[in-house]
$ cat my_file-v4.txt   # compact mmCIF, C-alpha atoms
# COMPACT_ATOMS: atom_id res chain seq x y z
CA GLN K 280 -45.51 11.23 -2.03
CA THR K 281 -45.61 11.88 -5.80
CA THR K 282 -48.82 12.82 -7.62
CA GLN K 283 -50.49 10.93 -10.42
CA PHE K 284 -48.82 11.44 -13.79
CA LYS K 285 -51.32 11.51 -16.65
CA ILE K 286 -49.39 12.58 -19.73
CA VAL K 287 -48.21 9.80 -22.05
CA PRO K 288 -47.03 9.66 -25.66
CA THR K 289 -49.97 9.45 -28.10
CA GLY K 290 -48.14 8.91 -31.38
CA ILE K 291 -47.23 11.41 -34.04
CA GLU K 292 -50.04 10.30 -36.31
CA ASN K 293 -52.59 11.29 -33.64
CA ILE K 294 -51.32 14.84 -33.36
CA THR K 295 -52.96 17.31 -35.70
CA GLU K 296 -52.85 21.04 -36.16
CA GLU K 297 -56.10 21.33 -34.18
CA ASN K 298 -54.75 19.67 -31.00
CA ILE K 299 -51.12 20.93 -31.05
CA ALA K 300 -51.91 23.84 -28.72
CA LEU K 301 -53.75 21.49 -26.34
CA ARG K 302 -50.78 19.10 -26.39
CA LYS K 303 -48.38 21.91 -25.58
CA ASN K 304 -50.53 22.93 -22.64
CA GLU K 305 -50.55 19.34 -21.33
CA ILE K 306 -46.77 19.16 -21.55
CA GLU K 307 -46.34 22.43 -19.67
CA ASN K 308 -48.67 21.24 -16.91
CA ALA K 309 -46.86 17.90 -16.72
CA ARG K 310 -43.49 19.65 -16.50
CA ALA K 311 -44.73 21.87 -13.65
CA GLN K 312 -46.14 18.81 -11.87
CA LEU K 313 -42.85 16.92 -12.29
CA GLU K 314 -40.79 19.79 -10.88
CA GLU K 315 -43.12 19.90 -7.88
CA ASP K 316 -42.74 16.13 -7.36
CA LYS K 317 -38.95 16.53 -7.35
CA LEU K 318 -39.24 18.85 -4.36
CA TYR K 319 -41.12 16.25 -2.34
CA ALA K 320 -39.18 13.14 -3.37
CA ALA K 321 -38.19 11.36 -0.12
CA SER K 322 -37.08 7.86 -1.08
CA LYS K 323 -35.12 5.96 -3.67
CA GLU K 324 -38.36 4.65 -5.17
CA ASP K 325 -39.59 8.23 -5.57
CA SER K 326 -36.37 9.16 -7.36
CA ILE K 327 -36.68 6.17 -9.71
CA LEU K 328 -40.31 7.07 -10.46
CA ILE K 329 -39.42 10.71 -11.11
CA ASN K 330 -36.62 9.67 -13.48
CA ALA K 331 -39.06 7.44 -15.35
CA ARG K 332 -41.55 10.27 -15.62
CA GLU K 333 -38.83 12.62 -16.76
CA ALA K 334 -38.01 10.18 -19.54
CA VAL K 335 -41.70 9.96 -20.48
CA LEU K 336 -42.03 13.74 -20.51
CA ARG K 337 -38.97 14.13 -22.67
CA ALA K 338 -40.33 11.55 -25.06
CA VAL K 339 -43.62 13.45 -25.25
CA GLU K 340 -41.77 16.69 -25.95
CA VAL K 341 -39.74 15.02 -28.70
CA GLU K 342 -42.93 13.56 -30.09
CA LEU K 343 -44.54 16.97 -30.32
CA GLN K 344 -41.52 18.42 -32.04
CA ASN K 345 -41.53 15.63 -34.58
CA ALA K 346 -45.25 16.12 -35.11
CA LEU K 347 -44.69 19.78 -35.97
CA LYS K 348 -42.09 18.72 -38.51
CA LEU K 349 -44.39 16.02 -39.82
CA ILE K 350 -47.01 18.68 -40.65
CA GLU K 351 -44.48 20.53 -42.80
CA THR K 352 -42.66 17.63 -44.37
CA GLN K 353 -43.34 14.12 -45.54
CA LYS K 354 -43.93 11.39 -42.93
CA SER K 355 -41.10 9.22 -44.22
CA GLU K 356 -38.55 12.00 -43.76
CA ILE K 357 -39.68 12.66 -40.20
CA ARG K 358 -39.34 8.98 -39.24
CA TYR K 359 -35.83 8.99 -40.60
CA LYS K 360 -35.04 12.02 -38.45
CA LYS K 361 -36.35 10.29 -35.34
CA ARG K 362 -34.25 7.20 -35.97
CA GLU K 363 -31.19 9.35 -36.47
CA LEU K 364 -31.94 11.23 -33.27
CA TYR K 365 -32.30 8.02 -31.23
CA ILE K 366 -29.04 6.63 -32.55
CA THR K 367 -27.21 9.83 -31.74
CA THR K 368 -28.71 9.92 -28.25
CA GLY K 369 -27.64 6.33 -27.63
CA LEU K 370 -24.09 7.04 -28.76
CA LEU K 371 -23.93 10.14 -26.61
CA LEU K 372 -25.17 8.20 -23.62
CA LEU K 373 -22.62 5.48 -24.28
CA LEU K 374 -19.84 8.02 -24.66
CA SER K 375 -20.97 9.83 -21.53
CA GLY K 376 -21.00 6.60 -19.53
CA PHE K 377 -17.56 5.67 -20.80
CA SER K 378 -16.28 9.14 -19.91
CA VAL K 379 -17.67 8.81 -16.39
CA VAL K 380 -15.97 5.43 -15.96
CA LEU K 381 -12.65 6.83 -17.13
CA TYR K 382 -12.99 9.83 -14.85
CA VAL K 383 -13.72 7.68 -11.79
CA TYR K 384 -10.85 5.32 -12.67
CA TYR K 385 -8.24 8.05 -13.01
CA ARG K 386 -9.56 9.90 -9.97
CA ASP K 387 -9.25 6.78 -7.81
CA LYS K 388 -5.86 5.99 -9.30
CA LYS K 389 -4.55 9.46 -8.42
CA ARG K 390 -5.97 9.15 -4.91
CA ILE K 391 -4.34 5.73 -4.40
CA ASN K 392 -1.03 7.02 -5.78
CA ARG K 393 -1.12 9.93 -3.34
CA ILE K 394 -1.76 7.51 -0.46
CA LEU K 395 1.11 5.26 -1.57
CA GLU K 396 3.46 8.21 -1.96
CA THR K 397 2.60 9.39 1.55
CA GLN K 398 3.08 5.91 3.01
CA ASN K 399 6.36 5.40 1.15
CA LYS K 400 7.60 8.78 2.36
CA ASN K 401 6.70 7.94 5.96
CA ILE K 402 8.43 4.55 5.71
CA LEU K 403 11.50 6.08 4.08
CA ASP K 404 11.65 8.80 6.73
CA SER K 405 11.45 6.17 9.47
CA ILE K 406 14.18 4.02 7.90
CA THR K 407 16.38 7.08 7.34
CA TYR K 408 16.01 8.00 10.99
CA ALA K 409 16.80 4.38 11.90
CA LYS K 410 20.00 4.78 9.87
CA ARG K 411 21.00 7.73 12.07
CA ILE K 412 20.39 5.59 15.15
CA GLN K 413 22.43 2.71 13.71
CA GLN K 414 25.30 5.00 12.72
CA SER K 415 25.36 6.46 16.22
CA ILE K 416 26.54 3.11 17.61
CA LEU K 417 29.57 3.02 15.29
CA ILE K 418 32.75 4.32 16.82
CA GLU K 419 34.05 7.60 15.43
CA GLU K 420 37.00 7.28 13.07
CA GLU K 421 38.87 9.88 15.12
CA GLU K 422 38.77 7.54 18.11
CA ILE K 423 40.29 4.72 16.06
CA LYS K 424 42.92 7.04 14.62
CA LYS K 425 44.22 7.71 18.13
CA VAL K 426 45.16 4.03 18.38
CA LEU K 427 45.72 3.07 14.73
CA PRO K 428 46.92 6.13 12.77
CA ASP K 429 47.19 4.24 9.47
CA PHE K 430 43.80 2.68 8.72
CA PHE K 431 40.68 2.98 6.56
CA ILE K 432 37.06 1.88 6.82
CA TYR K 433 34.92 0.73 3.90
CA HIS K 434 31.33 0.35 5.08
CA GLN K 435 28.72 0.18 2.29
CA PRO K 436 25.37 -1.27 3.45
CA LYS K 437 23.19 -2.97 0.82
CA ASP K 438 20.14 -1.02 1.97
CA ILE K 439 19.67 2.19 3.93
CA VAL K 440 20.11 0.13 7.07
CA SER K 441 21.60 -3.34 7.27
CA GLY K 442 22.99 -6.01 9.55
CA ASP K 443 26.62 -5.21 8.70
CA PHE K 444 28.66 -3.10 11.09
CA TYR K 445 32.19 -2.67 12.37
CA TRP K 446 33.21 -2.64 16.03
CA PHE K 447 36.36 -1.41 17.76
CA SER K 448 37.52 -1.38 21.34
CA GLN K 449 40.73 -1.05 23.34
CA VAL K 450 41.01 -2.66 26.74
CA ASN K 451 44.36 -2.01 28.45
CA ASP K 452 47.02 -3.03 25.92
CA LYS K 453 44.71 -5.12 23.75
CA ILE K 454 42.91 -3.92 20.63
CA PHE K 455 39.72 -5.60 19.43
CA ILE K 456 38.40 -5.18 15.88
CA ALA K 457 35.32 -6.92 14.49
CA ALA K 458 33.57 -6.86 11.13
CA VAL K 459 30.12 -8.23 11.89
CA ASP K 460 27.47 -9.58 9.51
CA CYS K 461 24.14 -10.20 11.27
CA THR K 462 21.35 -12.37 9.96
CA GLY K 463 18.90 -10.54 7.70
CA HIS K 464 18.90 -7.46 5.52
CA GLY K 465 17.38 -4.06 6.01
CA VAL K 466 15.48 -3.33 9.20
CA PRO K 467 15.69 -6.85 10.75
CA GLY K 468 19.44 -6.90 10.22
CA ALA K 469 19.72 -3.41 11.71
CA PHE K 470 17.94 -4.54 14.87
CA MET K 471 20.33 -7.48 15.13
CA SER K 472 23.31 -5.15 14.73
CA LEU K 473 22.12 -3.02 17.66
CA ILE K 474 21.80 -6.12 19.84
CA ALA K 475 25.18 -7.49 18.73
CA ASN K 476 26.96 -4.17 19.31
CA THR K 477 25.53 -3.90 22.82
CA LEU K 478 26.53 -7.47 23.66
CA LEU K 479 30.08 -7.01 22.33
CA ASN K 480 30.52 -3.99 24.59
CA LYS K 481 29.18 -5.99 27.50
CA ILE K 482 31.33 -9.08 26.85
CA VAL K 483 34.60 -7.30 26.12
CA ASN K 484 34.44 -3.94 27.87
CA GLU K 485 32.40 -4.88 30.95
CA LYS K 486 33.20 -8.55 31.54
CA GLY K 487 36.77 -8.30 30.29
CA THR K 488 36.62 -11.33 27.97
CA SER K 489 39.60 -11.18 25.62
CA ASP K 490 39.90 -14.60 23.97
CA PRO K 491 38.25 -14.44 20.50
CA ALA K 492 36.85 -17.95 20.82
CA HIS K 493 35.20 -17.14 24.15
CA ILE K 494 33.93 -13.80 22.84
CA LEU K 495 32.18 -15.59 19.96
CA LYS K 496 30.90 -18.28 22.30
CA HIS K 497 29.39 -15.78 24.75
CA LEU K 498 28.07 -13.62 21.94
CA HIS K 499 26.26 -16.56 20.39
CA ALA K 500 24.81 -17.63 23.74
CA ASP K 501 23.68 -14.11 24.66
CA ILE K 502 22.13 -13.47 21.24
CA THR K 503 20.15 -16.69 21.48
CA GLU K 504 19.01 -15.81 24.98
CA SER K 505 18.07 -12.25 23.96
CA LEU K 506 15.90 -13.61 21.14
CA HIS K 507 14.20 -16.09 23.51
CA GLN K 508 15.18 -19.07 21.39
CA GLU K 509 15.75 -21.38 24.37
CA ASP K 510 13.27 -24.15 25.05
CA ASN K 511 13.89 -26.41 28.09
CA GLY K 512 17.61 -25.90 27.74
CA GLU K 513 17.75 -26.83 24.05
CA ARG K 514 18.10 -24.29 21.29
CA GLY K 515 16.60 -25.85 18.22
CA THR K 516 18.22 -27.64 15.32
CA GLY K 517 20.82 -26.34 12.90
CA ARG K 518 21.16 -27.12 9.22
CA ASN K 519 23.19 -30.27 10.02
CA GLY K 520 20.75 -31.51 12.66
CA ASP K 521 22.96 -30.22 15.50
CA ARG K 522 21.37 -29.03 18.75
CA GLU K 523 23.00 -26.74 21.28
CA LYS K 524 22.44 -27.10 25.03
CA ARG K 525 23.54 -24.86 27.90
CA ARG K 526 24.51 -26.42 31.18
CA ASN K 527 26.10 -24.49 34.09
CA GLY K 528 27.09 -21.65 31.79
CA GLU K 529 28.76 -24.03 29.31
CA THR K 530 27.60 -24.56 25.74
CA SER K 531 27.75 -28.02 24.26
CA ILE K 532 26.74 -29.44 20.88
CA LEU K 533 24.46 -32.45 20.59
CA SER K 534 25.12 -33.73 17.09
CA ASP K 535 22.80 -35.88 15.04
CA SER K 536 25.13 -35.62 12.05
CA PRO K 537 28.45 -37.36 11.31
CA ILE K 538 30.23 -34.01 11.82
CA LEU K 539 32.09 -34.10 15.15
CA PRO K 540 31.65 -31.21 17.66
CA LEU K 541 34.34 -28.55 17.55
CA PRO K 542 36.74 -28.34 20.51
CA ASP K 543 36.58 -25.25 22.76
CA SER K 544 39.86 -23.95 21.36
CA VAL K 545 38.22 -23.26 17.98
CA VAL K 546 34.64 -22.47 19.02
CA LEU K 547 32.65 -20.87 16.16
CA PRO K 548 28.98 -19.90 15.87
CA LEU K 549 26.70 -22.74 14.86
CA PRO K 550 25.08 -22.69 11.39
CA HIS K 551 21.85 -21.27 12.82
CA SER K 552 23.65 -18.53 14.75
CA PRO K 553 22.27 -15.03 14.15
CA ILE K 554 25.82 -13.65 14.03
$ encode --input "my_file-v4.txt" --output "structure tokens"
Amino acid sequence: QTTQFKIVPTGIENITEENIALRKNEIENARAQLEEDKLYAASKEDSILINAREAVLRAVEVELQNALKLIETQKSEIRYKKRELYITTGLLLLLSGFSVVLYVYYRDKKRINRILETQNKNILDSITYAKRIQQSILIEEEEIKKVLPDFFIYHQPKDIVSGDFYWFSQVNDKIFIAAVDCTGHGVPGAFMSLIANTLLNKIVNEKGTSDPAHILKHLHADITESLHQEDNGERGTGRNGDREKRRNGETSILSDSPILPLPDSVVLPLPHSPI
């Protein structure tokens, strides 16, 4: 609870040599009272009131200083000094406020930049580690060299990870080589490449499928099943309006377009195939 504040500006013209000492004593008492009120301020309203009183006290102090000058100089000169002082104070306050705004802006900007740098580093570290995982599924060149001594591999992903990968396998006397481009770039494509690589090993190495047309047919069917794209036996619509349906392990094309279905001897992935 703040105390009553009695001191107020009285005007320079009301201050004389006889009451200057009394005025100084009033200001000193008011300053002591204000400092005591600051110690007991407990609410926002108290703080606002104290700030207002501080402003009043400062104005009284300035008034007394100007009155002392007024005694020694002409009144017109003193008024000019006051006006100059007020203008300077206003400019300083404006400059101070602008400086505070700039400081807060650049401080927040630096903080946000640090957060973004940390997040980008974490994301890049995760993608780089994902690249190591993706590269681990690729067959070592030394293994290929045992079968094909004269060969080369050019594998340049667009991003750190991608949906492009090469695949190699030898089953008995047959050699299988695939250059695969999965749907999507970056991380989504990398996930697709992991699925496709696993399914190729399953289809060729485990099930023993050797006909390229049947490998592609099974790969397309297994990819679609792995991604849960089936709905009551139908698999959605391609870019030409074609729909694919599985029945007893066989894949058929229901065409709404004038393009005829392809025969089994030249089975290729449909336009909406992820591989």
$ atom_distance --input "my_file-v4.txt" --atom1 "CA of Thr367 (chain K)" --atom2 "CA of Arg302 (chain K)"
25.9 Å
$ closest_residue --input "my_file-v4.txt" --among "K:Ala409, K:Ala331, K:Ala457, K:Ile502" --to "Met471 (chain K)" --atoms "only C-alpha atoms"
K:Ile502
$ atom_distance --input "my_file-v4.txt" --atom1 "CA of Leu495 (chain K)" --atom2 "CA of Thr462 (chain K)"
15.1 Å
$ atom_distance --input "my_file-v4.txt" --atom1 "CA of Gly465 (chain K)" --atom2 "CA of Val440 (chain K)"
5.1 Å
$ residues_around --input "my_file-v4.txt" --residues "Phe444 (chain K)" --least-positions-apart "6" --cutoff "9 Å" --atoms "all atoms listed in the file" --output "PyMOL selection string"
chain K and resi 413-414+417+434+436+457-461+469+472+476
$ closest_atom_pairs --input "my_file-v4.txt" --of "region 330-436 of chain K" --to "region 317-321 of chain K" --cutoff "12 Å" --atoms "all atoms listed in the file" --output "CSV"
residue,atom,partner,partner_atom,distance
K:Asn330,CA,K:Lys317,CA,9.5
K:Arg332,CA,K:Lys317,CA,10.7
K:Glu333,CA,K:Lys317,CA,10.2
$ axis_aligned_box --input "my_file-v4.txt" --around "region 371-388 of chain K" --padding-each-side "5 Å" --output "lines of an AutoDock Vina configuration file"
center_x = -15.5
center_y = 7.7
center_z = -17.2
size_x = 29.3
size_y = 14.8
size_z = 28.8
$ closest_residue --input "my_file-v4.txt" --among "K:Gln449, K:Ser375, K:Asn401, K:Asn345" --to "Gly290 (chain K)" --atoms "all atoms listed in the file"
K:Asn345
$ closest_residue --input "my_file-v4.txt" --among "K:Ile474, K:Val380, K:Leu336, K:Ile482" --to "Asn308 (chain K)" --atoms "all atoms listed in the file"
K:Leu336
